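Student: Supplied structure: upload.cif, mmCIF, C-alpha atoms.
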data_structure
#
loop_
_atom_site.label_atom_id
_atom_site.label_comp_id
_atom_site.auth_asym_id
_atom_site.auth_seq_id
_atom_site.Cartn_x
_atom_site.Cartn_y
_atom_site.Cartn_z
CA MET U 1 -13.82 15.14 -29.67
CA LYS U 2 -13.38 13.45 -26.30
CA MET U 3 -14.83 15.28 -23.28
CA THR U 4 -12.94 13.29 -20.67
CA PRO U 5 -9.46 14.35 -19.50
CA VAL U 6 -6.44 12.27 -20.44
CA LYS U 7 -6.17 9.10 -18.35
CA GLY U 8 -4.27 9.76 -15.15
CA THR U 9 -5.21 13.45 -15.07
CA ALA U 10 -8.31 15.19 -13.72
CA ASP U 11 -10.59 18.18 -14.11
CA TYR U 12 -11.59 19.85 -10.85
CA LEU U 13 -14.94 21.50 -10.19
CA PRO U 14 -15.01 24.91 -8.45
CA ARG U 15 -15.71 23.36 -5.02
CA GLN U 16 -12.83 20.92 -5.50
CA THR U 17 -10.54 23.69 -6.65
CA LEU U 18 -11.51 25.74 -3.61
CA LEU U 19 -10.35 22.87 -1.39
CA ARG U 20 -7.12 22.41 -3.36
CA ASP U 21 -6.36 26.13 -3.14
CA TYR U 22 -7.05 26.11 0.59
CA LEU U 23 -4.77 23.12 1.23
CA GLN U 24 -1.94 24.59 -0.81
CA GLN U 25 -2.32 27.94 0.93
CA VAL U 26 -2.13 26.34 4.41
CA ILE U 27 0.98 24.40 3.41
CA LEU U 28 2.60 27.46 1.79
CA GLU U 29 1.92 29.70 4.79
CA THR U 30 3.30 27.07 7.18
CA TYR U 31 6.46 26.70 5.11
CA ARG U 32 6.96 30.45 4.79
CA SER U 33 6.43 31.02 8.51
CA ALA U 34 9.39 28.67 9.08
CA GLY U 35 11.65 30.83 6.90
CA PHE U 36 11.48 28.92 3.61
CA GLU U 37 11.34 30.81 0.28
CA ARG U 38 9.37 29.74 -2.78
CA ILE U 39 10.88 29.22 -6.22
CA LEU U 40 9.44 28.11 -9.58
CA THR U 41 11.11 25.89 -12.18
CA PRO U 42 9.97 24.66 -15.62
CA ALA U 43 8.02 21.41 -15.99
CA ILE U 44 10.26 20.53 -18.96
CA GLU U 45 13.83 19.39 -18.31
CA ASP U 46 16.73 18.28 -20.47
CA LEU U 47 16.35 14.53 -20.95
CA GLU U 48 20.01 13.87 -20.23
CA ASN U 49 19.66 15.54 -16.83
CA LEU U 50 16.63 13.43 -15.99
CA GLU U 51 18.26 10.18 -17.09
CA LYS U 52 21.39 10.86 -14.98
CA SER U 53 19.45 11.79 -11.84
CA ASP U 54 19.44 8.37 -10.10
CA GLY U 55 15.67 8.54 -9.84
CA GLY U 56 15.15 4.81 -9.40
CA ASP U 57 11.97 3.38 -10.94
CA ASN U 58 10.83 6.91 -11.79
CA LEU U 59 13.25 6.87 -14.73
CA ASN U 60 11.04 4.19 -16.30
CA LEU U 61 7.98 6.42 -15.83
CA MET U 62 9.23 9.55 -17.57
CA PHE U 63 7.22 11.31 -20.24
CA LYS U 64 9.68 12.02 -23.04
CA ILE U 65 9.29 14.81 -25.58
CA MET U 66 10.32 14.13 -29.15
CA LYS U 67 12.70 16.33 -31.07
CA ARG U 68 11.09 18.79 -33.42
CA GLY U 69 11.43 19.71 -37.10
CA ASP U 70 14.80 19.10 -38.76
CA LYS U 71 16.26 17.61 -35.58
CA LEU U 72 13.57 14.93 -35.55
CA SER U 73 14.04 14.20 -39.25
CA ALA U 74 17.80 13.85 -38.78
CA ALA U 75 17.32 11.56 -35.78
CA LEU U 76 14.96 9.32 -37.75
CA GLU U 77 17.36 9.22 -40.68
CA ASN U 78 20.46 8.48 -38.57
CA GLY U 79 18.89 6.11 -36.05
CA GLU U 80 19.54 8.52 -33.18
CA PRO U 81 17.40 8.93 -30.04
CA LEU U 82 14.11 10.63 -30.93
CA ALA U 83 13.65 12.50 -27.63
CA ASP U 84 15.75 15.28 -26.13
CA LEU U 85 13.45 16.66 -23.40
CA GLY U 86 11.20 15.22 -20.71
CA LEU U 87 8.61 16.21 -18.12
CA ARG U 88 9.99 16.30 -14.57
CA TYR U 89 9.03 13.24 -12.51
CA ASP U 90 9.56 15.10 -9.22
CA LEU U 91 10.80 18.50 -8.02
CA THR U 92 14.20 17.44 -6.66
CA LEU U 93 16.15 17.23 -9.92
CA PRO U 94 14.88 20.66 -11.13
CA LEU U 95 15.79 22.16 -7.74
CA SER U 96 19.30 20.72 -7.92
CA ARG U 97 19.81 22.22 -11.38
CA PHE U 98 18.32 25.53 -10.21
CA TYR U 99 20.64 25.67 -7.20
CA ALA U 100 23.70 24.82 -9.27
CA ALA U 101 22.90 27.67 -11.67
CA ASN U 102 21.88 30.29 -9.09
CA ARG U 103 23.64 29.52 -5.81
CA ALA U 104 25.70 32.74 -5.95
CA LYS U 105 22.40 34.64 -5.63
CA LEU U 106 20.95 32.45 -2.88
CA GLY U 107 21.36 32.30 0.88
CA SER U 108 23.46 29.65 2.55
CA PRO U 109 21.95 27.39 3.60
CA PHE U 110 19.14 27.88 1.11
CA LYS U 111 15.71 26.99 2.50
CA CYS U 112 13.39 26.41 -0.42
CA ILE U 113 9.67 25.84 -1.14
CA GLN U 114 8.29 24.21 -4.27
CA ILE U 115 4.56 23.63 -4.80
CA ASP U 116 4.04 22.51 -8.36
CA LYS U 117 3.03 19.74 -10.74
CA SER U 118 5.09 16.70 -11.68
CA TYR U 119 4.45 13.94 -14.21
CA ARG U 120 4.90 10.17 -14.23
CA ALA U 121 3.58 7.55 -16.64
CA GLU U 122 1.97 5.65 -13.76
CA ARG U 123 -0.74 3.05 -14.06
CA PRO U 124 -3.57 5.31 -12.86
CA GLN U 125 -5.26 4.24 -9.65
CA LYS U 126 -6.50 5.79 -6.42
CA GLY U 127 -3.74 7.96 -5.01
CA ARG U 128 -1.60 7.69 -8.15
CA MET U 129 -2.00 10.20 -10.95
CA ARG U 130 0.04 10.90 -14.06
CA GLU U 131 -0.20 14.62 -13.36
CA PHE U 132 0.06 15.46 -9.67
CA VAL U 133 1.02 18.25 -7.28
CA GLN U 134 3.90 17.95 -4.84
CA CYS U 135 4.58 20.29 -1.91
CA ASP U 136 8.30 20.28 -1.14
CA ILE U 137 10.63 21.96 1.30
CA ASP U 138 14.40 21.51 0.96
CA ILE U 139 17.54 22.81 2.63
CA LEU U 140 20.68 22.99 0.49
CA GLY U 141 24.23 23.84 1.56
CA SER U 142 24.29 22.37 5.08
CA GLU U 143 25.31 18.99 6.48
CA SER U 144 23.87 19.71 9.91
CA PRO U 145 21.28 17.28 11.38
CA LEU U 146 19.35 20.45 12.24
CA CYS U 147 18.17 20.38 8.61
CA GLU U 148 16.46 17.00 8.97
CA LEU U 149 14.97 18.01 12.31
CA GLU U 150 13.57 21.24 10.90
CA LEU U 151 12.11 19.52 7.84
CA ILE U 152 10.38 16.87 9.94
CA HIS U 153 8.97 19.43 12.37
CA THR U 154 7.80 21.85 9.65
CA THR U 155 6.20 19.15 7.48
CA ALA U 156 4.43 17.70 10.52
CA ALA U 157 3.22 21.19 11.47
CA ALA U 158 1.64 21.59 8.01
CA LEU U 159 -0.07 18.19 8.16
CA LYS U 160 -1.45 18.89 11.63
CA LYS U 161 -3.27 21.90 10.19
CA LEU U 162 -4.88 19.80 7.45
CA ALA U 163 -7.09 17.66 9.70
CA ILE U 164 -5.95 14.25 8.45
CA GLY U 165 -5.80 12.82 11.96
CA SER U 166 -2.83 11.28 13.76
CA PHE U 167 0.24 10.12 11.87
CA THR U 168 3.67 8.58 12.39
CA VAL U 169 6.98 9.94 11.07
CA ARG U 170 9.19 6.97 10.18
CA VAL U 171 12.93 7.64 10.05
CA ASN U 172 15.95 5.67 8.86
CA ASP U 173 19.45 6.23 7.49
CA ARG U 174 20.62 4.36 4.41
CA ARG U 175 24.18 4.37 5.73
CA VAL U 176 23.07 2.55 8.88
CA LEU U 177 21.09 0.01 6.85
CA ARG U 178 23.99 -0.69 4.50
CA SER U 179 26.34 -1.12 7.44
CA VAL U 180 23.94 -3.62 9.03
CA LEU U 181 23.60 -5.52 5.76
CA GLY U 182 27.39 -5.63 5.44
CA ARG U 183 27.69 -7.22 8.87
CA LEU U 184 25.15 -9.84 7.76
CA GLY U 185 27.35 -10.81 4.85
CA ILE U 186 25.56 -9.04 2.00
CA PRO U 187 28.10 -8.10 -0.72
CA GLU U 188 28.28 -4.42 -1.59
CA GLU U 189 27.32 -5.07 -5.22
CA LYS U 190 24.09 -6.82 -4.12
CA MET U 191 22.92 -4.38 -1.46
CA ASP U 192 20.65 -2.44 -3.82
CA THR U 193 18.81 -5.53 -5.01
CA VAL U 194 18.53 -6.80 -1.41
CA CYS U 195 17.01 -3.45 -0.42
CA VAL U 196 14.44 -3.82 -3.19
CA SER U 197 13.30 -7.11 -1.61
CA LEU U 198 13.40 -5.76 1.95
CA ASP U 199 11.23 -2.85 0.86
CA LYS U 200 8.44 -5.39 0.15
CA TRP U 201 8.52 -6.93 3.64
CA ASP U 202 5.24 -5.36 4.74
CA LYS U 203 3.53 -6.86 1.67
CA ILE U 204 5.13 -10.31 1.22
CA GLY U 205 6.39 -11.05 4.74
CA THR U 206 9.65 -12.64 5.89
CA SER U 207 9.20 -15.84 3.89
CA GLY U 208 8.53 -13.89 0.70
CA VAL U 209 11.61 -11.71 1.21
CA LEU U 210 13.86 -14.69 1.89
CA GLU U 211 12.49 -16.51 -1.17
CA GLU U 212 13.42 -13.54 -3.34
CA LEU U 213 16.86 -13.25 -1.77
CA SER U 214 17.53 -16.94 -2.34
CA ALA U 215 16.63 -16.47 -6.00
CA LYS U 216 19.12 -13.58 -6.08
CA GLU U 217 21.82 -16.00 -4.87
CA ILE U 218 22.21 -14.50 -1.40
CA SER U 219 23.96 -17.05 0.82
CA ALA U 220 21.99 -19.24 3.21
CA GLU U 221 23.97 -17.82 6.15
CA SER U 222 23.03 -14.23 5.23
CA CYS U 223 19.40 -15.21 4.68
CA GLU U 224 19.26 -16.82 8.12
CA ALA U 225 20.82 -13.73 9.72
CA LEU U 226 18.25 -11.56 7.94
CA ARG U 227 15.48 -13.84 9.21
CA GLU U 228 16.60 -13.22 12.80
CA LEU U 229 16.70 -9.49 12.15
CA LEU U 230 13.20 -9.44 10.62
CA ASP U 231 11.70 -11.74 13.26
CA GLY U 232 13.14 -9.46 15.95
CA GLY U 233 11.31 -6.45 14.52
CA CYS U 234 14.35 -4.64 13.10
CA THR U 235 14.63 -2.52 16.24
CA LEU U 236 17.08 0.28 16.87
CA GLU U 237 18.78 -1.94 19.45
CA GLN U 238 19.33 -4.64 16.82
CA ALA U 239 20.63 -2.10 14.34
CA SER U 240 22.97 -0.59 16.95
CA ALA U 241 24.47 -4.01 17.70
CA LEU U 242 25.16 -4.67 14.01
CA CYS U 243 26.13 -1.21 12.71
CA ASP U 244 29.83 -0.42 12.27
CA ASP U 245 29.13 3.14 11.07
CA GLN U 246 28.98 4.66 14.53
CA GLU U 247 28.94 8.25 13.26
CA SER U 248 25.80 7.71 11.15
CA LEU U 249 24.21 5.68 13.95
CA ALA U 250 24.82 8.44 16.51
CA ARG U 251 23.44 11.04 14.12
CA LEU U 252 20.30 8.98 13.51
CA THR U 253 19.78 8.27 17.22
CA ARG U 254 20.05 11.96 18.09
CA LEU U 255 17.63 12.89 15.31
CA LEU U 256 15.08 10.39 16.61
CA GLU U 257 15.41 11.73 20.15
CA ASP U 258 15.13 15.39 19.12
CA ALA U 259 12.24 14.81 16.68
CA SER U 260 10.36 12.82 19.33
CA SER U 261 10.84 15.58 21.89
CA LEU U 262 9.21 18.07 19.48
CA ALA U 263 6.36 15.78 18.44
CA GLU U 264 2.91 16.84 19.59
CA GLY U 265 -0.08 15.03 18.14
CA TYR U 266 2.01 12.57 16.17
CA GLN U 267 4.65 9.87 16.71
CA VAL U 268 8.26 9.50 15.55
CA ALA U 269 9.57 5.96 15.02
CA PHE U 270 12.71 4.23 13.76
CA ASP U 271 12.18 2.02 10.70
CA LEU U 272 15.26 0.13 9.53
CA LEU U 273 13.43 -1.11 6.42
CA LEU U 274 12.44 2.36 5.24
CA ILE U 275 14.42 2.66 2.02
CA ARG U 276 12.62 5.02 -0.40
CA GLY U 277 12.86 4.21 -4.10
CA GLN U 278 14.95 7.06 -5.45
CA GLY U 279 18.59 6.19 -5.98
CA TYR U 280 19.79 9.71 -5.24
CA TYR U 281 19.20 9.40 -1.47
CA THR U 282 22.54 9.16 0.36
CA GLY U 283 21.72 9.17 4.09
CA THR U 284 18.69 10.00 6.22
CA VAL U 285 15.32 9.05 4.75
CA PHE U 286 11.89 9.68 6.23
CA GLU U 287 8.25 9.03 5.47
CA ILE U 288 4.95 9.98 7.10
CA GLN U 289 2.29 7.31 7.47
CA SER U 290 -1.31 8.23 8.26
CA ASP U 291 -2.60 6.20 11.21
CA LYS U 292 -6.19 6.37 9.92
CA PHE U 293 -5.72 6.13 6.15
CA LYS U 294 -3.56 3.46 4.59
CA GLY U 295 -0.50 4.72 2.75
CA SER U 296 2.23 7.31 2.90
CA VAL U 297 1.31 11.01 2.80
CA ALA U 298 4.85 12.47 2.73
CA GLY U 299 8.43 11.37 2.20
CA GLY U 300 11.96 12.55 1.58
CA GLY U 301 15.59 12.32 2.57
CA ARG U 302 19.14 13.52 2.13
CA TYR U 303 20.57 13.65 -1.40
CA ASP U 304 24.09 15.01 -1.02
CA GLY U 305 25.31 13.91 -4.45
CA LEU U 306 22.67 15.30 -6.82
CA VAL U 307 23.75 18.95 -7.06
CA GLY U 308 27.30 17.76 -7.62
CA LYS U 309 26.24 16.14 -10.88
CA PHE U 310 25.94 19.69 -12.22
CA THR U 311 28.79 21.44 -10.39
CA GLY U 312 31.34 18.70 -9.82
CA GLU U 313 31.38 19.69 -6.13
CA GLN U 314 29.74 17.91 -3.23
CA VAL U 315 26.77 20.00 -2.02
CA PRO U 316 24.76 18.71 0.97
CA ALA U 317 20.99 18.74 0.43
CA VAL U 318 17.91 17.29 2.09
CA GLY U 319 14.19 17.60 1.37
CA PHE U 320 10.69 16.52 2.44
CA SER U 321 7.70 16.28 0.09
CA ILE U 322 3.98 16.16 0.96
CA GLY U 323 1.93 13.95 -1.35
CA PHE U 324 -0.69 16.57 -2.07
CA GLU U 325 -3.05 14.40 -4.13
CA ARG U 326 -3.31 11.84 -1.32
CA ILE U 327 -4.17 14.57 1.20
CA PHE U 328 -6.74 16.05 -1.18
CA GLN U 329 -8.43 12.67 -1.74
CA ILE U 330 -8.59 11.99 2.01
CA LEU U 331 -10.20 15.33 2.84
CA GLU U 332 -12.53 15.34 -0.16
CA GLY U 333 -13.70 11.87 0.86
CA GLN U 334 -14.47 13.26 4.30
CA GLN U 335 -16.47 16.10 2.65
CA PHE U 336 -14.15 18.55 4.37
CA GLU U 337 -15.48 22.11 4.38
CA VAL U 338 -13.02 24.94 3.84
CA PRO U 339 -13.16 27.07 7.02
CA SER U 340 -13.65 30.83 7.26
CA ARG U 341 -14.68 31.29 3.66
CA PRO U 342 -15.94 34.82 2.88
CA LYS U 343 -19.65 35.18 2.21
CA ARG U 344 -20.38 34.63 -1.46
CA VAL U 345 -23.18 36.67 -3.00
CA ALA U 346 -24.69 37.26 -6.43
CA VAL U 347 -25.49 40.81 -7.59
CA LEU U 348 -28.35 40.79 -10.10
CA CYS U 349 -28.89 43.52 -12.65
CA ASP U 350 -30.68 44.53 -15.84
CA GLU U 351 -28.68 45.28 -18.94
CA THR U 352 -29.45 48.97 -18.51
CA ASP U 353 -27.76 49.07 -15.08
CA ALA U 354 -24.61 46.97 -15.59
CA ALA U 355 -22.25 49.71 -14.37
CA GLY U 356 -24.38 50.31 -11.27
CA ALA U 357 -24.37 46.59 -10.47
CA ILE U 358 -20.59 46.45 -10.67
CA ARG U 359 -20.38 49.46 -8.31
CA ARG U 360 -22.67 47.66 -5.83
CA ALA U 361 -20.51 44.54 -6.15
CA GLU U 362 -17.38 46.59 -5.37
CA THR U 363 -19.06 47.89 -2.20
CA LEU U 364 -19.73 44.33 -1.07
CA ARG U 365 -16.16 43.30 -1.89
CA ALA U 366 -14.88 46.17 0.21
CA ASP U 367 -16.87 44.65 3.10
CA GLY U 368 -14.99 41.37 2.68
CA MET U 369 -17.49 39.43 0.56
CA GLU U 370 -17.08 37.65 -2.76
CA ALA U 371 -19.51 39.29 -5.17
CA SER U 372 -20.36 38.10 -8.69
CA VAL U 373 -22.53 40.09 -11.12
CA PHE U 374 -25.25 38.31 -13.13
CA LEU U 375 -28.00 39.46 -15.49
CA ARG U 376 -31.37 38.80 -13.88
CA PRO U 377 -32.89 35.79 -15.68
CA LYS U 378 -36.52 35.35 -16.60
CA LYS U 379 -36.87 32.25 -14.40
CA LEU U 380 -35.46 33.75 -11.22
CA GLY U 381 -36.46 30.95 -8.83
CA LYS U 382 -34.64 28.23 -10.76
CA PHE U 383 -31.59 30.47 -11.15
CA LEU U 384 -31.42 31.21 -7.42
CA GLY U 385 -31.72 27.52 -6.61
CA ARG U 386 -28.74 26.82 -8.84
CA LEU U 387 -26.73 29.56 -7.14
CA GLU U 388 -27.42 28.03 -3.74
CA GLU U 389 -26.31 24.63 -5.02
CA GLN U 390 -23.06 26.22 -6.21
CA GLY U 391 -22.30 27.54 -2.73
CA PHE U 392 -23.63 31.11 -2.87
CA ASP U 393 -24.83 32.45 0.48
CA GLY U 394 -27.23 35.08 -0.84
CA PHE U 395 -28.07 37.59 -3.55
CA LEU U 396 -28.69 41.27 -4.08
CA PRO U 397 -31.76 41.96 -6.26
CA ALA U 398 -31.44 44.15 -9.32
CA GLU U 399 -33.23 47.16 -7.85
CA PRO U 400 -30.66 49.83 -6.84
CA ASP U 401 -32.06 50.34 -3.32
CA SER U 402 -32.56 46.65 -2.51
CA GLU U 403 -30.95 44.82 0.41
CA LEU U 404 -29.05 41.55 0.56
CA ARG U 405 -31.17 38.45 0.87
CA TRP U 406 -29.65 35.31 2.39
CA PHE U 407 -30.55 31.81 1.30
CA GLY U 408 -32.27 29.73 3.97
CA GLN U 409 -33.85 32.71 5.66
#
For this file, produce the structure as C-alpha cells.

Tutor:
Amino acid sequence: MKMTPVKGTADYLPRQTLLRDYLQQVILETYRSAGFERILTPAIEDLENLEKSDGGDNLNLMFKIMKRGDKLSAALENGEPLADLGLRYDLTLPLSRFYAANRAKLGSPFKCIQIDKSYRAERPQKGRMREFVQCDIDILGSESPLCELELIHTTAAALKKLAIGSFTVRVNDRRVLRSVLGRLGIPEEKMDTVCVSLDKWDKIGTSGVLEELSAKEISAESCEALRELLDGGCTLEQASALCDDQESLARLTRLLEDASSLAEGYQVAFDLLLIRGQGYYTGTVFEIQSDKFKGSVAGGGRYDGLVGKFTGEQVPAVGFSIGFERIFQILEGQQFEVPSRPKRVAVLCDETDAAGAIRRAETLRADGMEASVFLRPKKLGKFLGRLEEQGFDGFLPAEPDSELRWFGQ
C-alpha cells in the first residue's frame, strides 16, 4: 500500500500541526472578538446546488461523488448523470444554503465565522492544494457599506497578528468596472469575457490583453480606449470620469476613504482591474496582497444574489476569506516559532508505578505544563535525545521523589 498522501493533500507532523492550530486559534479569536459567531457545515453538498452557484472556474474543479447502489445501476442503465453529490469548493455556497434554511434562528445581520476544509481538483503546486483550509467571515442580511468596512478591518487585524509583514488591501466594485467598460463601448454580453482578459493584465501586459480582446472581436475603438485606460494606470480619477453609476462610485470612494483611515501597518488601494473569479460576486470585491511574498493571501466580496437562489428573495451578503494554506507556508518557511507555548515535559515511570506517574503528570498539568507519561526505556540517553528533538523541554525521572530536569541545563 502507498505511504504517501493523495496528490494535492498533505500529512502534517506534530510541530506543523502545532503551528496550524496556533494560526487558526489567532484568527478565530480575532474574529470572535469582533462579534462574529462560528458555524459548521458539511463538506458534502448537493451537486445541483454546487453547479448553480455561479462559482466561475471552480465549477470545473469540483470533486463529484457518484451515486450509490441501485441509483448508480439505474443511472448507468438509463444514461443518466452518474453523480448526485460533490465536495464543496469553497465555504460561501454552504453558508448561503445554511442561512436560507436557518435564518429565522439567526441574528440580523448575521455575522458568521467559518474555518474549515474545502476541495478543488487543482493542479497541485506551491500554494495550491486539493484539500485546503479557508478562514472566512461573512455578514448576511445587510446592504450597508459598514459590512465591507468591518470585514476589511477585521481580516487585516487577524493578518497583522500573524507576522506576515506589511500588506496591501486592494478594493474594487464590479458595478463601477462594468459601468466604465460600458462607456468604452464594450457590449454587455461581452463584458465577462473582457474581464477575463483584463484579469491577466499583470501577467501578459497591455499588448497581451489587447491581442486577446481583438481575437474576441472587440472593436478597434474600444481596444484603443482600453489602451488609454491601462496606460494611465486605471486610477480612481480615470474611473470616476468614465463611470455613469454614481451611486456605486460614491459607495466605493467612501469605503476607500474609511478603510484607509483605519489602516495601521498596511495600505488600502483602489484597483479597477481587481475582478475575482467567482461569478456570484455582485458588487464590492477585495483582495489582500502581501508586500513581501508574491501572491494573494485573502480575498472576498459582495454576493447579494446567492442566498436568493435558495429562497427566491434577494438577501444581501458579503464575505472575506483568508487563504490559510498560503499563510501557513509563509510562516513555516520562516521557521516561525509558536509563542508562549506551555512547557512540555515527559514523566517517566516503571510498569509497577503507572498510576503514580499519571498522578504526578496531573500535578504538572495543574501548574500549566503539558505532561506526557512514558515507560522508562532501557536506553535512556537515546530516548531523552529523541524527546528533546521532538520539542520537549524536560523530563521527570521515574523515582517518586525526583525533581524535574530541564534539557540544556

Student: At most 7 Å is the cut-off: for each residue in range 246-298 of chain U with any atom that close to an atom of range 150-166 of chain U, write down the nearest atom pair and the distance in Å rounded to one decimal, counting all atoms listed in the file, chain first then increasing number, as a Markdown table.

Tutor:
| residue | atom | partner | partner_atom | distance |
| --- | --- | --- | --- | --- |
| U:Gly265 | CA | U:Ser166 | CA | 6.4 |
| U:Tyr266 | CA | U:Ser166 | CA | 5.6 |
| U:Ser290 | CA | U:Ser166 | CA | 6.5 |
| U:Asp291 | CA | U:Ser166 | CA | 5.7 |
| U:Lys292 | CA | U:Gly165 | CA | 6.8 |

Student: Expand the PyMOL selection byres ((chain U and resi 202-208) around 10) into the explicit residue set it covers here, and present it as an MDAnalysis selection string.

Tutor: chainID U and resid 197:201 209:214 226:231 273

Student: List as a list of chain:residue names the protein and nucleic acid residues near Gln134 in chain U, meaning an atom at most 10 Å away when only C-alpha atoms are counted, but skip any in the same chain fewer than 4 places from it.

Tutor: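 Close residues of Gln134 in chain U: U:Gln24, U:Asp90, U:Leu91, U:Gln114, U:Ile115, U:Asp116, U:Lys117, U:Ser118, U:Ala298, U:Ser321, U:Ile322, U:Gly323, U:Phe324, U:Glu325.
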
Student: Between U:Val176, U:Val373, U:Glu131, U:Asn49, which one has atoms that come closest to Leu61 in chain U, using only C-alpha atoms?

Tutor: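 Looking only at the distances to Leu61 in chain U, the closest residue turns out to be U:Glu131.
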
Student: Which centre and which edge lengths, in Å to one decimal, describe the axis-aligned box that holds all listed atoms of range 106-115 of chain U after 8 Å is added on each side, as JSON?

Tutor:
{"center_x": 14.0, "center_y": 28.0, "center_z": -0.6, "size_x": 34.9, "size_y": 24.8, "size_z": 24.4}

Student: To one decimal in Å, tell me the separation between CA of Leu95 in chain U and CA of Thr253 in chain U.

Tutor: 28.8 Å
